[in-house]
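One file, model_3.tsv, carrying TSV, C-alpha atoms:
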chain	number	residue	atom	x	y	z
A	1	MET	CA	-2.39	7.30	-17.65
A	2	ARG	CA	-5.51	8.66	-19.30
A	3	GLY	CA	-8.49	10.10	-17.47
A	4	ALA	CA	-8.74	11.20	-13.88
A	5	LEU	CA	-8.75	8.02	-11.84
A	6	VAL	CA	-9.17	8.79	-8.16
A	7	LEU	CA	-8.94	6.92	-4.91
A	8	GLU	CA	-12.26	6.71	-3.15
A	9	PRO	CA	-13.21	5.15	0.17
A	10	ALA	CA	-13.96	1.45	-0.16
A	11	ALA	CA	-17.23	-0.07	1.01
A	12	VAL	CA	-18.13	-3.54	2.27
A	13	ASP	CA	-19.44	-4.28	-1.25
A	14	ASP	CA	-15.84	-3.85	-2.49
A	15	ALA	CA	-14.36	-6.50	-0.18
A	16	ALA	CA	-14.46	-9.36	-2.69
A	17	ALA	CA	-12.94	-7.20	-5.43
A	18	ILE	CA	-10.17	-5.97	-3.12
A	19	ALA	CA	-9.31	-9.52	-2.02
A	20	ALA	CA	-9.31	-10.66	-5.67
A	21	LEU	CA	-7.01	-7.77	-6.66
A	22	ARG	CA	-4.56	-8.48	-3.84
A	23	ASN	CA	-4.57	-12.19	-4.71
A	24	ALA	CA	-3.90	-11.46	-8.39
A	25	VAL	CA	-0.89	-9.36	-7.37
A	26	SER	CA	0.32	-12.07	-4.98
A	27	ILE	CA	0.01	-14.77	-7.64
A	28	ASP	CA	1.81	-12.58	-10.20
A	29	LEU	CA	4.70	-11.82	-7.81
A	30	THR	CA	5.01	-15.48	-6.82
A	31	ARG	CA	5.04	-16.52	-10.49
A	32	ARG	CA	7.78	-13.99	-11.28
A	33	TYR	CA	9.93	-14.18	-8.12
A	34	GLY	CA	9.07	-17.44	-6.40
A	35	LYS	CA	7.43	-18.00	-3.07
A	36	GLY	CA	8.04	-15.35	-0.42
A	37	HIS	CA	6.36	-13.03	2.05
A	38	TRP	CA	4.35	-11.63	-0.88
A	39	SER	CA	2.74	-15.01	-1.57
A	40	SER	CA	0.01	-14.87	1.08
A	41	GLN	CA	-3.61	-14.74	-0.02
A	42	SER	CA	-6.28	-12.26	1.11
A	43	THR	CA	-9.81	-13.17	2.03
A	44	GLU	CA	-13.02	-11.21	1.79
A	45	ARG	CA	-13.47	-11.67	5.54
A	46	GLY	CA	-10.01	-10.19	6.18
A	47	VAL	CA	-10.78	-7.18	4.00
A	48	ILE	CA	-14.06	-6.61	5.85
A	49	TYR	CA	-12.13	-6.64	9.14
A	50	GLN	CA	-9.71	-4.06	7.71
A	51	LEU	CA	-12.65	-1.88	6.67
A	52	ARG	CA	-13.67	-1.76	10.35
A	53	THR	CA	-10.18	-1.02	11.71
A	54	SER	CA	-8.64	1.29	9.12
A	55	SER	CA	-9.45	3.20	5.93
A	56	LEU	CA	-9.38	1.28	2.66
A	57	TYR	CA	-9.39	3.08	-0.66
A	58	VAL	CA	-9.98	1.83	-4.17
A	59	MET	CA	-9.35	3.14	-7.66
A	60	ARG	CA	-11.79	1.95	-10.31
A	61	ASP	CA	-11.94	1.85	-14.05
A	62	PRO	CA	-15.44	1.65	-15.54
A	63	VAL	CA	-15.80	-2.06	-14.72
A	64	SER	CA	-13.50	-3.09	-11.88
A	65	VAL	CA	-11.26	-2.20	-8.95
A	66	ILE	CA	-7.80	-1.66	-10.42
A	67	ALA	CA	-5.91	-0.45	-7.34
A	68	SER	CA	-6.37	-0.45	-3.60
A	69	LEU	CA	-4.52	0.57	-0.47
A	70	ARG	CA	-5.05	0.92	3.23
A	71	LEU	CA	-4.31	3.88	5.51
A	72	ALA	CA	-4.30	3.70	9.28
A	73	ARG	CA	-3.23	5.69	12.29
A	74	LYS	CA	-2.30	2.50	14.14
A	75	LYS	CA	1.28	1.37	13.55
A	76	PRO	CA	1.61	-1.94	11.63
A	77	TRP	CA	3.37	-4.81	13.38
A	78	ALA	CA	6.57	-4.56	11.31
A	79	ILE	CA	7.21	-0.83	11.80
A	80	ASP	CA	9.81	0.31	14.33
A	81	VAL	CA	9.11	4.03	14.80
A	82	SER	CA	12.65	4.73	16.02
A	83	TYR	CA	13.78	4.81	12.36
A	84	PHE	CA	11.37	7.59	11.36
A	85	THR	CA	11.40	11.36	11.73
A	86	PRO	CA	9.66	12.23	15.01
A	87	ARG	CA	6.14	13.39	14.16
A	88	THR	CA	2.88	13.63	16.12
A	89	LYS	CA	0.33	12.60	13.47
A	90	PRO	CA	1.74	9.82	11.27
A	91	ILE	CA	-0.37	7.62	9.06
A	92	TYR	CA	0.70	4.23	7.75
A	93	LEU	CA	0.26	3.04	4.18
A	94	THR	CA	-0.11	-0.73	3.77
A	95	ASP	CA	-1.51	-3.30	1.37
A	96	MET	CA	-1.09	-1.20	-1.77
A	97	ALA	CA	-1.92	-3.20	-4.88
A	98	VAL	CA	-2.27	-2.34	-8.57
A	99	ALA	CA	-3.74	-4.90	-10.97
A	100	PRO	CA	-0.83	-6.70	-12.64
A	101	GLU	CA	-2.10	-5.93	-16.14
A	102	ARG	CA	-2.30	-2.21	-15.25
A	103	GLN	CA	1.14	-1.84	-13.65
A	104	GLY	CA	3.69	0.44	-15.27
A	105	ARG	CA	1.04	2.94	-16.40
A	106	GLY	CA	1.27	5.50	-13.60
A	107	LEU	CA	-1.54	4.18	-11.41
A	108	GLY	CA	0.70	3.48	-8.42
A	109	ARG	CA	2.23	6.95	-8.62
A	110	ALA	CA	-1.27	8.45	-8.90
A	111	CYS	CA	-2.27	6.51	-5.77
A	112	LEU	CA	0.72	7.85	-3.84
A	113	ASP	CA	0.03	11.42	-4.98
A	114	GLN	CA	-3.53	11.06	-3.75
A	115	VAL	CA	-2.37	9.52	-0.45
A	116	ARG	CA	-0.48	12.75	0.24
A	117	ARG	CA	-3.68	14.77	-0.29
A	118	ILE	CA	-5.76	12.37	1.79
A	119	GLY	CA	-3.16	12.46	4.57
A	120	ALA	CA	-3.11	16.23	4.65
A	121	SER	CA	-6.90	16.25	5.04
A	122	TRP	CA	-6.95	13.80	8.02
A	123	PRO	CA	-4.78	15.77	9.18
A	124	ALA	CA	-1.53	13.84	9.21
A	125	ASP	CA	2.02	15.10	9.17
A	126	THR	CA	3.78	12.12	7.58
A	127	VAL	CA	3.08	8.95	5.62
A	128	ARG	CA	5.12	5.91	6.65
A	129	LEU	CA	5.40	2.48	5.03
A	130	ASP	CA	7.56	-0.56	4.65
A	131	ALA	CA	8.46	-2.50	1.52
A	132	TRP	CA	10.07	-5.89	1.06
A	133	ASN	CA	13.80	-5.68	0.49
A	134	ALA	CA	13.69	-8.35	-2.22
A	135	ASP	CA	13.32	-8.58	-5.99
A	136	ALA	CA	9.55	-8.67	-5.51
A	137	GLY	CA	9.65	-5.57	-3.28
A	138	ALA	CA	8.61	-2.08	-4.31
A	139	GLY	CA	11.42	-0.13	-2.65
A	140	GLY	CA	12.70	1.38	-5.88
A	141	PHE	CA	9.17	2.42	-6.82
A	142	TYR	CA	8.61	4.27	-3.54
A	143	ALA	CA	11.98	6.00	-3.85
A	144	ARG	CA	11.16	7.12	-7.42
A	145	CYS	CA	7.87	8.52	-6.10
A	146	GLY	CA	9.67	10.76	-3.60
A	147	TYR	CA	9.48	8.66	-0.46
A	148	ARG	CA	12.67	8.81	1.59
A	149	GLU	CA	14.32	5.62	2.79
A	150	VAL	CA	14.88	5.81	6.55
A	151	GLY	CA	16.07	2.31	7.41
A	152	ARG	CA	16.50	-1.37	6.58
A	153	VAL	CA	15.55	-4.09	9.04
A	154	THR	CA	14.66	-7.75	9.23
A	155	TYR	CA	11.47	-8.35	11.15
A	156	ARG	CA	10.30	-11.92	11.78
A	157	GLY	CA	12.39	-13.10	8.85
A	158	ALA	CA	11.12	-10.43	6.45
A	159	PRO	CA	13.79	-8.06	5.08
A	160	LEU	CA	12.15	-4.63	4.97
A	161	ILE	CA	12.94	-1.10	3.87
A	162	TYR	CA	11.23	1.73	5.75
A	163	PHE	CA	10.09	4.81	3.83
A	164	GLU	CA	8.42	8.08	4.75
A	165	THR	CA	7.24	11.29	3.18
A	166	LEU	CA	6.60	14.36	5.29
A	167	LEU	CA	3.39	16.27	4.68
Just dump the structure as structure tokens.
Amino acid sequence: MRGALVLEPAAVDDAAAIAALRNAVSIDLTRRYGKGHWSSQSTERGVIYQLRTSSLYVMRDPVSVIASLRLARKKPWAIDVSYFTPRTKPIYLTDMAVAPERQGRGLGRACLDQVRRIGASWPADTVRLDAWNADAGAGGFYARCGYREVGRVTYRGAPLIYFETLL
């Protein structure tokens, strides 16, 4: 990866670009792996709601949003905290997306490195997430980036792997 691409807080003006990025990733995963939990589409309205209820971040190149993710203190619906290391200030990473044409170039790893720094500044003491336990899932990616697997579950028909990294 060339240049210092950084995550920055997203604004309402970014909502359409974030929805388009997530949809491009969803379409790419569905094309490669078939229909699954990853096939849902995002809307600008949904992204605007997330901007009000959590913290969205984007990474930009000179012309477009190339990565995005969401951090929140509120536990996502699919997380069972009993699998995780007991901590008092967890944050949850969800909705991470890297433009399909930019994947495999270190952007996802750069996002996760920056999430650790952002989390420490909140302050948080751990970052938790789940990933699909399927060919389209990113479990191997999170493990290669230093996140520790803490459990495997099926929640509402979705096979998930739970990961965490302590800050």
Sort by chain and increasing residue number a table of all residues of segment 84-105 of chain A within 7 Å of segment 125-132 of chain A, each with its closest pair of atoms and their distance in Å to one decimal, counting only C-alpha atoms, and write it as JSON lines.
{"residue": "A:Arg87", "atom": "CA", "partner": "A:Asp125", "partner_atom": "CA", "distance": 6.7}
{"residue": "A:Lys89", "atom": "CA", "partner": "A:Asp125", "partner_atom": "CA", "distance": 5.3}
{"residue": "A:Pro90", "atom": "CA", "partner": "A:Thr126", "partner_atom": "CA", "distance": 4.8}
{"residue": "A:Ile91", "atom": "CA", "partner": "A:Val127", "partner_atom": "CA", "distance": 5.1}
{"residue": "A:Tyr92", "atom": "CA", "partner": "A:Arg128", "partner_atom": "CA", "distance": 4.9}
{"residue": "A:Leu93", "atom": "CA", "partner": "A:Leu129", "partner_atom": "CA", "distance": 5.2}
{"residue": "A:Thr94", "atom": "CA", "partner": "A:Leu129", "partner_atom": "CA", "distance": 6.5}
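Every protein or nucleic acid residue with an atom no more than 12 Å from Gln50 of chain A, counting only C-alpha atoms and leaving out same-chain residues fewer than 2 positions away, appears here: A:Ala10, A:Ala11, A:Val12, A:Asp14, A:Ala15, A:Ile18, A:Ala19, A:Ser42, A:Thr43, A:Glu44, A:Arg45, A:Gly46, A:Val47, A:Ile48, A:Arg52, A:Thr53, A:Ser54, A:Ser55, A:Leu56, A:Tyr57, A:Leu69, A:Arg70, A:Leu71, A:Ala72, A:Lys74, A:Thr94, A:Asp95.
Of note, atom CA of Gly119 of chain A and atom CA of Ser82 of chain A are spaced 21.0 Å apart.
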Using only C-alpha atoms, can you list as a ChimeraX atom specification the residues within 6 Å of (9.0, 9.7, 6.6)? /A:84-85,126,128,163-166
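Closest approach to Ile161 of chain A among A:Ala78, A:Val98, A:Val58, A:Pro9: A:Ala78, based on only C-alpha atoms.
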Can you pull out every residue within 10 Å of Glu101 of chain A, counting only C-alpha atoms, but drop anything in the same chain fewer than 6 positions away, and send it as a PyMOL selection string? chain A and resi 24-25+28+66
Could you pull segment 45-153 of chain A out of the block above and save it with C-alpha atoms, as a short mmCIF file (atom, residue, chain, number, x, y, z; two decimals), in the first residue's frame?
data_model
loop_
_atom_site.label_atom_id
_atom_site.label_comp_id
_atom_site.auth_asym_id
_atom_site.auth_seq_id
_atom_site.Cartn_x
_atom_site.Cartn_y
_atom_site.Cartn_z
CA ARG A 45 -31.02 5.97 4.73
CA GLY A 46 -29.62 3.01 6.71
CA VAL A 47 -26.14 4.53 6.69
CA ILE A 48 -27.52 7.86 7.92
CA TYR A 49 -29.22 6.02 10.79
CA GLN A 50 -25.90 4.34 11.65
CA LEU A 51 -24.19 7.74 11.66
CA ARG A 52 -26.61 8.79 14.42
CA THR A 53 -26.22 5.63 16.52
CA SER A 54 -22.54 4.72 16.16
CA SER A 55 -19.27 5.97 14.69
CA LEU A 56 -18.65 5.37 11.00
CA TYR A 57 -15.22 5.82 9.49
CA VAL A 58 -14.07 6.03 5.90
CA MET A 59 -10.78 5.73 4.08
CA ARG A 60 -10.50 7.75 0.89
CA ASP A 61 -8.25 7.84 -2.12
CA PRO A 62 -8.16 11.14 -3.99
CA VAL A 63 -11.54 10.54 -5.66
CA SER A 64 -13.64 8.08 -3.67
CA VAL A 65 -14.37 6.17 -0.47
CA ILE A 66 -12.35 2.95 -0.70
CA ALA A 67 -13.00 1.48 2.75
CA SER A 68 -15.43 1.95 5.59
CA LEU A 69 -16.26 0.46 8.96
CA ARG A 70 -18.42 1.10 11.97
CA LEU A 71 -17.48 1.18 15.65
CA ALA A 72 -19.98 1.16 18.48
CA ARG A 73 -20.14 0.68 22.21
CA LYS A 74 -23.53 -1.03 21.88
CA LYS A 75 -23.30 -4.79 21.35
CA PRO A 76 -24.53 -6.00 17.92
CA TRP A 77 -27.45 -8.43 17.85
CA ALA A 78 -25.33 -11.47 16.93
CA ILE A 79 -22.70 -11.11 19.67
CA ASP A 80 -22.91 -13.30 22.78
CA VAL A 81 -20.53 -11.65 25.26
CA SER A 82 -20.07 -14.87 27.24
CA TYR A 83 -17.49 -15.98 24.63
CA PHE A 84 -15.25 -12.94 25.12
CA THR A 85 -12.63 -11.97 27.68
CA PRO A 86 -14.38 -10.04 30.47
CA ARG A 87 -13.67 -6.34 29.90
CA THR A 88 -15.36 -3.12 31.02
CA LYS A 89 -14.98 -0.95 27.90
CA PRO A 90 -15.42 -3.06 24.75
CA ILE A 91 -16.11 -1.61 21.34
CA TYR A 92 -17.63 -3.54 18.46
CA LEU A 93 -16.37 -3.46 14.89
CA THR A 94 -19.03 -4.09 12.23
CA ASP A 95 -19.74 -3.43 8.57
CA MET A 96 -16.11 -3.33 7.46
CA ALA A 97 -15.83 -3.07 3.69
CA VAL A 98 -12.94 -2.54 1.28
CA ALA A 99 -13.65 -1.81 -2.39
CA PRO A 100 -13.38 -5.11 -4.28
CA GLU A 101 -10.86 -3.71 -6.76
CA ARG A 102 -8.66 -2.54 -3.85
CA GLN A 103 -8.70 -5.75 -1.80
CA GLY A 104 -5.46 -7.63 -1.24
CA ARG A 105 -3.39 -4.43 -1.07
CA GLY A 106 -3.17 -3.96 2.69
CA LEU A 107 -6.10 -1.57 3.12
CA GLY A 108 -8.05 -3.89 5.41
CA ARG A 109 -5.01 -4.46 7.61
CA ALA A 110 -4.40 -0.70 7.70
CA CYS A 111 -8.02 -0.21 8.79
CA LEU A 112 -7.63 -2.73 11.62
CA ASP A 113 -4.36 -1.14 12.77
CA GLN A 114 -6.10 2.22 12.90
CA VAL A 115 -9.11 0.72 14.74
CA ARG A 116 -6.73 -0.25 17.55
CA ARG A 117 -5.51 3.36 17.80
CA ILE A 118 -9.03 4.76 17.62
CA GLY A 119 -10.19 2.30 20.28
CA ALA A 120 -7.39 3.23 22.64
CA SER A 121 -8.38 6.90 22.30
CA TRP A 122 -12.09 6.34 23.14
CA PRO A 123 -10.91 4.77 25.60
CA ALA A 124 -11.75 1.13 25.01
CA ASP A 125 -10.06 -1.97 26.35
CA THR A 126 -10.96 -4.46 23.61
CA VAL A 127 -12.26 -4.63 20.05
CA ARG A 128 -14.80 -7.38 19.37
CA LEU A 129 -16.31 -8.56 16.09
CA ASP A 130 -17.93 -11.44 14.32
CA ALA A 131 -17.26 -12.85 10.87
CA TRP A 132 -19.21 -15.29 8.74
CA ASN A 133 -17.95 -18.85 9.06
CA ALA A 134 -18.29 -19.46 5.32
CA ASP A 135 -16.17 -19.20 2.18
CA ALA A 136 -17.29 -15.57 1.86
CA GLY A 137 -16.33 -14.84 5.48
CA ALA A 138 -13.26 -12.94 6.61
CA GLY A 139 -12.28 -15.13 9.56
CA GLY A 140 -8.86 -15.99 8.17
CA PHE A 141 -8.19 -12.33 7.46
CA TYR A 142 -8.96 -11.27 11.04
CA ALA A 143 -6.80 -14.08 12.42
CA ARG A 144 -3.87 -13.03 10.17
CA CYS A 145 -4.29 -9.47 11.48
CA GLY A 146 -3.81 -10.60 15.09
CA TYR A 147 -7.41 -10.94 16.23
CA ARG A 148 -7.94 -13.96 18.46
CA GLU A 149 -10.78 -16.38 17.76
CA VAL A 150 -12.88 -16.83 20.90
CA GLY A 151 -15.83 -18.89 19.66
CA ARG A 152 -17.99 -20.27 16.87
CA VAL A 153 -21.77 -20.04 16.98
#
